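The file coords_21.cif comes next; it holds mmCIF, C-alpha atoms.
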```cif
data_input
loop_
_atom_site.label_atom_id
_atom_site.label_comp_id
_atom_site.auth_asym_id
_atom_site.auth_seq_id
_atom_site.Cartn_x
_atom_site.Cartn_y
_atom_site.Cartn_z
CA MET A 1 91.78 139.95 150.15
CA THR A 2 90.81 142.07 153.15
CA ALA A 3 87.31 140.59 153.17
CA TRP A 4 88.72 137.06 153.07
CA LEU A 5 91.05 137.80 155.98
CA ARG A 6 88.14 139.24 157.94
CA ARG A 7 86.08 136.08 157.35
CA PHE A 8 89.07 133.95 158.34
CA ALA A 9 89.57 135.94 161.54
CA SER A 10 85.89 135.57 162.37
CA GLN A 11 86.48 131.83 162.68
CA PHE A 12 88.33 132.57 165.90
CA ASP A 13 85.71 134.86 167.40
CA LEU A 14 85.08 133.78 170.99
CA GLU A 15 81.61 135.21 171.52
CA SER A 16 80.03 131.73 171.56
CA THR A 17 77.67 130.87 174.37
CA PHE A 18 79.43 130.20 177.66
CA THR A 19 78.09 126.65 177.86
CA ARG A 20 79.29 123.14 177.09
CA GLU A 21 78.07 123.53 173.51
CA GLY A 22 79.90 126.83 173.14
CA ARG A 23 83.12 125.32 174.47
CA GLN A 24 82.83 122.37 172.12
CA GLU A 25 82.28 124.67 169.16
CA ILE A 26 85.32 126.82 169.97
CA THR A 27 87.58 123.81 170.60
CA LEU A 28 86.53 122.15 167.36
CA ARG A 29 87.10 125.39 165.46
CA TYR A 30 90.71 125.56 166.62
CA ALA A 31 91.30 121.84 166.10
CA VAL A 32 90.05 122.01 162.52
CA TRP A 33 92.23 124.97 161.59
CA PHE A 34 95.26 123.46 163.31
CA SER A 35 94.83 120.25 161.28
CA ILE A 36 94.44 122.22 158.05
CA LEU A 37 97.58 124.21 158.84
CA VAL A 38 99.57 121.00 159.39
CA LEU A 39 98.33 119.51 156.11
CA LEU A 40 99.11 122.71 154.22
CA THR A 41 102.62 122.67 155.68
CA LEU A 42 103.15 119.07 154.59
CA LEU A 43 101.68 119.55 151.12
CA PRO A 44 104.69 121.33 149.50
CA ILE A 45 106.96 118.62 150.91
CA ARG A 46 104.72 115.93 149.43
CA ILE A 47 104.70 117.69 146.07
CA LEU A 48 108.50 118.03 146.11
CA VAL A 49 108.94 114.32 146.83
CA TRP A 50 106.40 113.45 144.12
CA SER A 51 108.26 115.56 141.57
CA THR A 52 111.34 113.34 142.01
CA ASP A 53 109.51 110.04 142.51
CA ARG A 54 106.08 109.79 140.90
CA SER A 55 105.18 106.52 142.52
CA ASN A 56 101.61 105.51 143.33
CA ALA A 57 102.32 105.97 147.04
CA ASN A 58 103.51 109.57 146.62
CA THR A 59 100.55 110.33 144.35
CA PHE A 60 98.21 108.94 147.00
CA TYR A 61 99.75 111.16 149.70
CA ILE A 62 99.09 114.32 147.67
CA ILE A 63 95.52 113.38 146.76
CA ASN A 64 94.89 112.24 150.32
CA ASN A 65 96.14 115.52 151.79
CA LEU A 66 93.99 117.60 149.43
CA ALA A 67 90.90 115.47 150.07
CA CYS A 68 91.36 115.72 153.84
CA ILE A 69 91.77 119.49 153.64
CA MET A 70 88.45 119.71 151.78
CA ILE A 71 86.75 117.48 154.35
CA LEU A 72 88.15 119.59 157.20
CA LEU A 73 86.81 122.73 155.53
CA LEU A 74 83.41 121.04 155.35
CA ILE A 75 83.67 120.20 159.07
CA GLY A 76 84.45 123.84 159.79
CA ARG A 77 81.40 124.90 157.80
CA LEU A 78 79.16 122.49 159.73
CA ASN A 79 80.58 123.77 163.00
CA THR A 80 79.95 127.39 161.99
CA ALA A 81 76.36 126.39 161.20
CA HIS A 82 76.08 125.16 164.82
CA LYS A 83 75.95 121.51 163.75
CA THR A 84 78.77 120.79 166.13
CA ARG A 85 77.67 117.30 167.07
CA ILE A 86 77.90 115.81 163.59
CA ALA A 87 80.97 117.96 162.82
CA SER A 88 82.78 116.59 165.88
CA GLU A 89 81.97 113.00 164.94
CA ILE A 90 83.42 113.48 161.47
CA PHE A 91 86.46 115.29 162.81
CA ILE A 92 87.32 112.53 165.29
CA PHE A 93 87.25 109.99 162.47
CA VAL A 94 89.22 112.17 160.02
CA SER A 95 91.87 113.20 162.57
CA SER A 96 92.38 109.55 163.53
CA TYR A 97 92.63 108.61 159.87
CA LEU A 98 95.25 111.33 159.26
CA CYS A 99 97.52 109.84 161.96
CA PHE A 100 97.92 106.71 159.84
CA THR A 101 97.86 108.12 156.30
CA ALA A 102 98.99 111.75 156.15
CA TYR A 103 101.60 112.47 158.81
CA PRO A 104 105.14 111.13 158.20
CA TYR A 105 106.37 108.47 160.62
CA GLN A 106 109.34 106.15 160.91
CA ASN A 107 108.42 104.17 164.02
CA ALA A 108 105.40 103.15 166.07
CA ASP A 109 106.02 105.79 168.74
CA GLN A 110 105.49 108.56 166.19
CA VAL A 111 102.10 107.13 165.23
CA LEU A 112 101.07 107.05 168.88
CA LEU A 113 102.27 110.63 169.29
CA TYR A 114 100.02 111.72 166.42
CA LEU A 115 97.10 109.84 167.96
CA VAL A 116 97.33 112.12 171.00
CA ILE A 117 95.56 114.78 168.88
CA PRO A 118 92.19 113.03 168.34
CA VAL A 119 92.34 111.28 171.72
CA SER A 120 93.07 114.41 173.77
CA ILE A 121 90.49 116.69 172.17
CA ALA A 122 87.71 114.12 171.73
CA SER A 123 86.27 114.83 175.17
CA PHE A 124 86.35 118.59 174.57
CA ILE A 125 84.40 118.52 171.30
CA SER A 126 81.79 115.93 172.27
CA ASP A 127 80.64 114.10 175.38
CA GLY A 128 83.10 113.59 178.23
CA ARG A 129 83.71 109.87 177.69
CA ARG A 130 84.49 110.18 173.99
CA SER A 131 88.27 110.05 174.58
CA LEU A 132 87.88 106.57 176.07
CA ARG A 133 85.78 105.45 173.11
CA VAL A 134 88.34 106.80 170.66
CA ILE A 135 90.98 104.69 172.40
CA LEU A 136 88.88 101.59 171.72
CA PHE A 137 88.70 102.67 168.08
CA VAL A 138 92.33 103.60 167.39
CA ILE A 139 94.23 100.98 169.40
CA PRO A 140 93.07 98.01 167.24
CA ILE A 141 93.98 99.99 164.12
CA PHE A 142 97.37 100.81 165.61
CA LEU A 143 97.99 97.11 166.39
CA LEU A 144 97.23 96.25 162.77
CA VAL A 145 99.60 98.95 161.48
CA TYR A 146 102.23 97.77 163.94
CA GLN A 147 102.04 94.22 162.58
CA LEU A 148 102.25 95.46 158.98
CA GLU A 149 104.91 98.14 159.37
CA PHE A 150 106.87 97.71 162.59
CA ALA A 151 106.70 94.02 163.50
CA ARG A 152 110.49 93.86 163.88
CA GLN A 153 110.59 96.78 166.31
CA PRO A 154 109.98 96.47 170.06
CA PHE A 155 106.36 97.03 170.98
CA PRO A 156 105.92 100.61 172.38
CA VAL A 157 104.26 99.61 175.64
CA PHE A 158 105.13 102.85 177.42
CA SER A 159 103.72 104.98 174.58
CA VAL A 160 100.48 103.01 174.58
CA ILE A 161 100.16 103.52 178.34
CA CYS A 162 100.79 107.25 177.89
CA LEU A 163 98.09 107.43 175.20
CA ILE A 164 95.57 105.75 177.50
CA LEU A 165 96.60 108.12 180.30
CA VAL A 166 95.99 111.11 177.99
CA ALA A 167 92.48 109.78 177.30
CA LEU A 168 91.74 109.45 181.03
CA VAL A 169 93.09 112.91 181.84
CA SER A 170 91.11 114.47 178.96
CA TRP A 171 87.93 112.80 180.15
CA ARG A 172 88.35 113.99 183.72
CA ALA A 173 89.44 117.48 182.67
CA SER A 174 86.42 117.84 180.39
CA LYS A 175 84.09 116.71 183.14
CA MET A 176 85.61 119.13 185.67
CA ILE A 177 85.39 122.03 183.22
CA ASP A 178 81.73 121.26 182.54
CA GLN A 179 81.00 121.23 186.27
CA MET A 180 82.77 124.56 186.80
CA VAL A 181 80.97 126.11 183.83
CA GLU A 182 77.60 124.90 185.11
CA GLN A 183 78.30 126.34 188.56
CA LEU A 184 79.39 129.66 187.08
CA VAL A 185 76.40 129.90 184.74
CA SER A 186 74.10 129.00 187.64
CA ALA A 187 75.63 131.80 189.72
CA TYR A 188 75.19 134.30 186.87
CA ASP A 189 71.59 133.25 186.28
CA SER A 190 70.81 133.52 189.98
CA THR A 191 72.17 137.07 189.92
CA ILE A 192 69.99 137.90 186.93
CA GLU A 193 66.95 136.46 188.70
CA GLY A 194 67.81 138.63 191.68
CA TRP A 195 68.01 141.77 189.53
CA ALA A 196 64.63 141.04 187.98
CA GLN A 197 63.06 140.40 191.39
CA ALA A 198 64.57 143.59 192.82
CA LEU A 199 63.06 145.64 190.01
CA GLU A 200 59.64 144.08 190.52
CA MET A 201 59.83 144.71 194.27
CA ARG A 202 60.43 148.36 193.45
CA ASN A 203 57.43 148.51 191.11
CA GLN A 204 54.74 146.36 192.73
CA GLU A 205 52.40 146.70 189.76
CA THR A 206 54.66 144.61 187.52
CA GLU A 207 55.30 141.88 190.10
CA GLY A 208 55.68 138.52 188.39
CA HIS A 209 55.61 140.03 184.89
CA SER A 210 59.21 139.11 183.94
CA HIS A 211 58.83 135.48 184.97
CA ARG A 212 55.42 135.11 183.32
CA VAL A 213 56.67 136.22 179.93
CA VAL A 214 59.79 134.02 179.95
CA GLU A 215 58.04 130.74 179.23
CA LEU A 216 55.73 132.19 176.59
CA THR A 217 58.59 133.99 174.85
CA MET A 218 60.66 130.81 174.76
CA LYS A 219 57.75 128.85 173.28
CA LEU A 220 57.20 131.47 170.60
CA ALA A 221 60.92 131.64 169.80
CA GLY A 222 61.03 127.85 169.45
CA LYS A 223 57.97 127.93 167.20
CA MET A 224 59.75 130.47 165.00
CA HIS A 225 62.87 128.27 164.83
CA ILE A 226 65.25 130.65 166.59
CA PRO A 227 68.63 128.83 166.83
CA ILE A 228 69.07 127.00 170.13
CA LYS A 229 72.32 128.86 170.70
CA ARG A 230 70.40 132.16 170.94
CA LEU A 231 67.56 130.95 173.15
CA GLU A 232 69.51 131.18 176.41
CA HIS A 233 70.51 134.75 175.57
CA MET A 234 66.85 135.50 174.87
CA ARG A 235 65.80 134.08 178.23
CA ARG A 236 68.24 136.36 180.03
CA GLY A 237 67.15 139.30 177.91
CA VAL A 238 63.50 138.69 178.84
CA LEU A 239 64.31 138.61 182.56
CA LEU A 240 66.27 141.86 182.19
CA HIS A 241 64.00 143.59 179.68
CA ASP A 242 63.14 146.41 182.10
CA ILE A 243 66.48 146.58 183.91
CA GLY A 244 66.92 150.12 182.57
CA LYS A 245 64.01 151.28 184.73
CA MET A 246 66.38 151.16 187.69
CA GLY A 247 67.54 154.53 186.40
CA ILE A 248 64.02 156.01 186.35
CA PRO A 249 62.93 158.09 189.40
CA ASP A 250 60.24 156.53 191.62
CA SER A 251 58.05 159.58 191.11
CA ILE A 252 57.75 158.60 187.44
CA LEU A 253 58.04 154.82 187.58
CA CYS A 254 55.44 154.41 190.34
CA LYS A 255 53.14 157.26 189.34
CA HIS A 256 49.44 156.44 189.39
CA GLY A 257 48.02 157.66 186.13
CA PRO A 258 49.29 158.99 182.79
CA LEU A 259 52.70 160.62 182.48
CA THR A 260 53.33 164.17 181.34
CA ASP A 261 55.30 164.73 178.14
CA ALA A 262 58.42 165.52 180.15
CA GLU A 263 57.98 162.42 182.28
CA LEU A 264 57.39 160.30 179.20
CA THR A 265 60.66 161.54 177.71
CA ILE A 266 62.49 160.42 180.84
CA MET A 267 60.69 157.06 180.87
CA GLN A 268 61.70 156.41 177.27
CA GLU A 269 65.34 156.58 178.29
CA HIS A 270 65.16 153.21 180.09
CA PRO A 271 66.17 151.11 177.02
CA THR A 272 69.27 153.28 176.69
CA TYR A 273 70.04 152.82 180.37
CA ALA A 274 69.73 149.06 179.86
CA ARG A 275 72.17 149.17 176.95
CA ASP A 276 74.67 151.20 178.92
CA LEU A 277 74.45 148.79 181.84
CA LEU A 278 74.56 145.46 179.96
CA SER A 279 76.96 146.29 177.14
CA HIS A 280 79.88 146.40 179.59
CA ILE A 281 79.10 142.92 180.92
CA THR A 282 80.57 140.46 178.41
CA TYR A 283 78.41 137.60 179.61
CA LEU A 284 75.20 139.60 179.11
CA ALA A 285 76.13 141.57 175.99
CA PRO A 286 74.52 138.98 173.63
CA SER A 287 71.24 139.41 175.58
CA ILE A 288 71.02 143.14 174.99
CA GLN A 289 68.64 143.09 171.98
CA ILE A 290 65.50 142.66 174.08
CA PRO A 291 66.21 145.25 176.83
CA TYR A 292 67.40 147.78 174.24
CA CYS A 293 64.93 147.24 171.39
CA HIS A 294 61.66 145.85 172.77
CA HIS A 295 59.94 149.26 172.46
CA GLU A 296 60.80 149.63 168.77
CA LYS A 297 57.80 149.32 166.42
CA TRP A 298 57.46 147.63 163.06
CA ASP A 299 56.47 150.91 161.35
CA GLY A 300 59.41 152.84 162.81
CA THR A 301 57.47 154.90 165.37
CA GLY A 302 58.99 153.24 168.44
CA TYR A 303 61.92 154.22 170.61
CA PRO A 304 64.79 154.73 171.41
CA ARG A 305 66.13 154.61 167.81
CA GLY A 306 63.03 154.43 165.65
CA LEU A 307 64.08 151.19 163.97
CA GLN A 308 61.75 149.84 161.33
CA GLY A 309 60.86 146.37 160.05
CA ASP A 310 63.60 143.76 159.92
CA ALA A 311 66.10 146.28 161.30
CA ILE A 312 64.59 145.46 164.71
CA PRO A 313 66.31 142.35 166.12
CA ILE A 314 64.06 139.29 165.86
CA GLU A 315 64.43 138.66 169.60
CA ALA A 316 62.93 142.07 170.36
CA ARG A 317 60.15 141.61 167.78
CA ILE A 318 59.14 138.33 169.40
CA PHE A 319 59.27 139.62 172.95
CA SER A 320 57.40 142.87 172.25
CA VAL A 321 54.28 140.91 171.31
CA VAL A 322 54.44 138.72 174.43
CA ASP A 323 55.25 141.75 176.61
CA VAL A 324 52.20 143.71 175.46
CA TRP A 325 50.03 140.59 175.73
CA ASP A 326 50.91 140.09 179.40
CA ALA A 327 50.93 143.78 180.33
CA MET A 328 47.47 144.46 178.89
CA ARG A 329 45.98 141.44 180.67
CA SER A 330 47.43 142.53 184.03
CA LYS A 331 45.89 144.97 186.49
CA ARG A 332 47.39 148.42 186.76
CA SER A 333 46.64 151.32 189.10
CA TYR A 334 45.26 153.32 186.18
CA ARG A 335 43.09 150.51 184.67
CA ASP A 336 41.62 147.08 185.21
CA PRO A 337 42.84 143.97 183.37
CA ILE A 338 41.74 144.00 179.72
CA PRO A 339 39.72 141.01 178.49
CA GLU A 340 41.67 138.49 176.43
CA THR A 341 39.41 138.91 173.39
CA GLN A 342 40.19 142.62 173.26
CA VAL A 343 43.92 142.00 173.64
CA VAL A 344 43.82 139.52 170.75
CA GLU A 345 41.95 142.03 168.62
CA TYR A 346 44.47 144.73 169.52
CA LEU A 347 47.35 142.53 168.37
CA ARG A 348 45.54 141.94 165.08
CA VAL A 349 44.94 145.66 164.57
CA GLU A 350 48.59 146.50 165.36
CA ARG A 351 49.87 143.71 163.11
CA GLY A 352 52.11 145.48 160.59
CA ARG A 353 52.09 148.69 162.62
CA SER A 354 53.52 148.07 166.06
CA PHE A 355 54.35 144.42 165.57
CA ASP A 356 55.99 142.13 163.03
CA PRO A 357 53.06 140.51 161.14
CA GLN A 358 54.68 137.08 161.12
CA VAL A 359 55.33 137.19 164.86
CA VAL A 360 51.71 138.14 165.57
CA ASP A 361 50.43 135.30 163.37
CA GLU A 362 52.71 132.75 165.04
CA PHE A 363 51.77 134.01 168.51
CA LEU A 364 48.03 133.81 167.87
CA GLN A 365 48.50 130.29 166.51
CA LEU A 366 50.41 129.42 169.67
CA LEU A 367 47.50 130.70 171.76
CA HIS A 368 44.96 128.93 169.52
CA ALA A 369 43.19 132.27 169.29
CA PRO A 370 39.82 132.19 167.47
CA THR A 371 39.54 133.82 164.08
CA ARG A 372 38.41 137.45 163.94
CA PRO A 373 34.62 137.78 164.21
CA LYS A 374 32.85 139.30 161.21
CA GLU A 375 30.56 141.46 163.31
CA ASN A 376 31.41 145.00 164.41
CA LYS A 377 34.95 145.53 165.63
CA LEU A 378 35.51 145.54 169.36
CA GLN A 379 36.16 148.82 171.08
CA LEU A 380 39.95 149.08 171.12
CA THR A 381 40.36 152.33 172.96
CA LEU A 382 40.37 150.44 176.24
CA ALA A 383 42.82 147.87 174.94
CA ALA A 384 45.43 150.10 173.42
CA PRO A 385 48.18 150.95 175.93
CA SER A 386 48.62 154.67 176.22
CA GLN A 387 51.93 156.19 175.25
CA LYS A 388 51.89 157.96 178.60
CA THR A 389 51.60 154.83 180.74
CA ARG A 390 54.01 152.05 181.54
CA THR A 391 53.87 148.53 180.04
#
```
Structure encoded using structure tokens:
Amino acid sequence: MTAWLRRFASQFDLESTFTREGRQEITLRYAVWFSILVLLTLLPIRILVWSTDRSNANTFYIINNLACIMILLLIGRLNTAHKTRIASEIFIFVSSYLCFTAYPYQNADQVLLYLVIPVSIASFISDGRRSLRVILFVIPIFLLVYQLEFARQPFPVFSVICLILVALVSWRASKMIDQMVEQLVSAYDSTIEGWAQALEMRNQETEGHSHRVVELTMKLAGKMHIPIKRLEHMRRGVLLHDIGKMGIPDSILCKHGPLTDAELTIMQEHPTYARDLLSHITYLAPSIQIPYCHHEKWDGTGYPRGLQGDAIPIEARIFSVVDVWDAMRSKRSYRDPIPETQVVEYLRVERGRSFDPQVVDEFLQLLHAPTRPKENKLQLTLAAPSQKTRT
């Protein structure tokens, strides 16, 4: 029972991406559960009425309520699987259908009141103009029901006008919210870009590194079918992957040459500094896997926690390959750029040791790297990054 309640509560978790898609997913989640709650409340009443009058109409209401509850649960499942677009389309249709077949009504105004539900939320779970399109869908159906059920009653002109007004307000409100969200996200991303640039200005040797690896990491993540919802978090994590180095003294961070054991111990604290900094920022907390875990190794010999295999977040496993690829091919004060062929060979050698084998394979395919030559192995001592230098 406790596990079921925990799963139920997770439906209302608000850690979705702060984007239009995230807002649509959250809104649909609440709309689905609200509709299910209403149907569950009506179901005992329907059963009680059916027990005294087992007419075909009362039997239909019970079966209809149960069927709609099952469909709504399916919509919730699709939404949880991030298939919000198709889930929202189905929900708009089902919620409109419920207004005419499941909710009790005695006059036309009540039907129009129920129609406020699909009309008002349509713009918040799909594109901004959807409320207006729903009006074009439900009004003809309402006119038909009016002729069949309420032809002797005065036509509810005022209620129809109010319903159209709700659609217009929902459309405009959705559009304004999207604009505000885009402006806020743009401001956040500009701040992140500024942090990354400030760090690179401090350490001239890594200038341009963060921006170079963003595009390649995103391509590799797409190739490995990382959910779209997580890609934006990955992009921010890549830009901030070395943000923890802000806590490392210049004498260590900018040192020309290998680090001492004591200095290396201090340097290896930068993922922990990144975690401490980002975990308190709600907007950036989902991006923490890369800054915190990109120095973990597949065989468990990395830092800061010594994670092994699949225990390392996939985002960090993907980025670590791209990070080493770019770092080894860049000039440093303690070495010249390493030829691409040697870097490719190094990745192959470290496949299954430092790096996730699948990630290495996908990355080399992305680069269209040639197959390993059969002749003598290349000298890798120059390629391998020293544990006492900075990547």
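Residue nearest Phe60 in chain A within the list A:Ile281, A:Ile47, A:Ala151, A:Ile139: A:Ile47 [criterion: smallest interatomic distance, all atoms listed in the file].
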> Any chance you could work out the residue set of the PyMOL selection byres ((chain A and resi 343) around 9) here, as a ChimeraX atom specification?
Replying inline: /A:324-325,328-329,338-342,344-348,380,383-384
> Which one is closest to Tyr283 in chain A: A:Asp356, A:Glu25, A:Glu232, A:Glu215? Count all atoms listed in the file.
Replying inline: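 Answer, going by the shortest atom-to-atom distance: A:Glu232.
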> Mind pulling up the distance from CA of Met70 in chain A to CA of Ser55 in chain A?
Replying inline: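 CA of Met70 in chain A lies 23.2 Å from CA of Ser55 in chain A.
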>> Starting from the PyMOL selection byres ((chain A and resi 290-294) around 10), expand the selection into actual residues of this file and give them as a PyMOL selection string.
In response: chain A and resi 233-244+269-276+278+286-289+295-297+302-307+312-321+323
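Interatomic distance, CA of His209 in chain A to CA of Ala327 in chain A: 7.5 Å.
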> A:Ala285, A:Lys223, A:Leu112, A:Val119: which is nearest Val166 in chain A, counting only C-alpha atoms?
Replying inline: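 Going through A:Ala285, A:Lys223, A:Leu112, A:Val119 one by one, the smallest distance to Val166 in chain A is for A:Val119.
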>> The residues within 7 Å of (94.0, 116.1, 166.0), using all atoms listed in the file and the coordinates of the file, should be reported as a ChimeraX atom specification; which are they?
In response: /A:31,35,95,117-118
>> Would you pick out the contacts of Arg20 in chain A at 8 Å or less, using only C-alpha atoms, so that residues sharing its chain but fewer than 3 positions from it are not included, and give the list as a PyMOL selection string?
In response: chain A and resi 23-24+178+181
>> Between CA of Asp127 in chain A and CA of Val185 in chain A, what distance in Å does the model show, to one decimal?
In response: 18.8 Å
> What's the 12 Å shell around Ala67 in chain A, counting all atoms listed in the file, without same-chain residues fewer than 5 positions away, as JSON, numbers by chain?
Replying inline: {"A": [36, 39, 40, 43, 60, 61, 62, 72, 73, 74, 94, 98, 101, 102]}
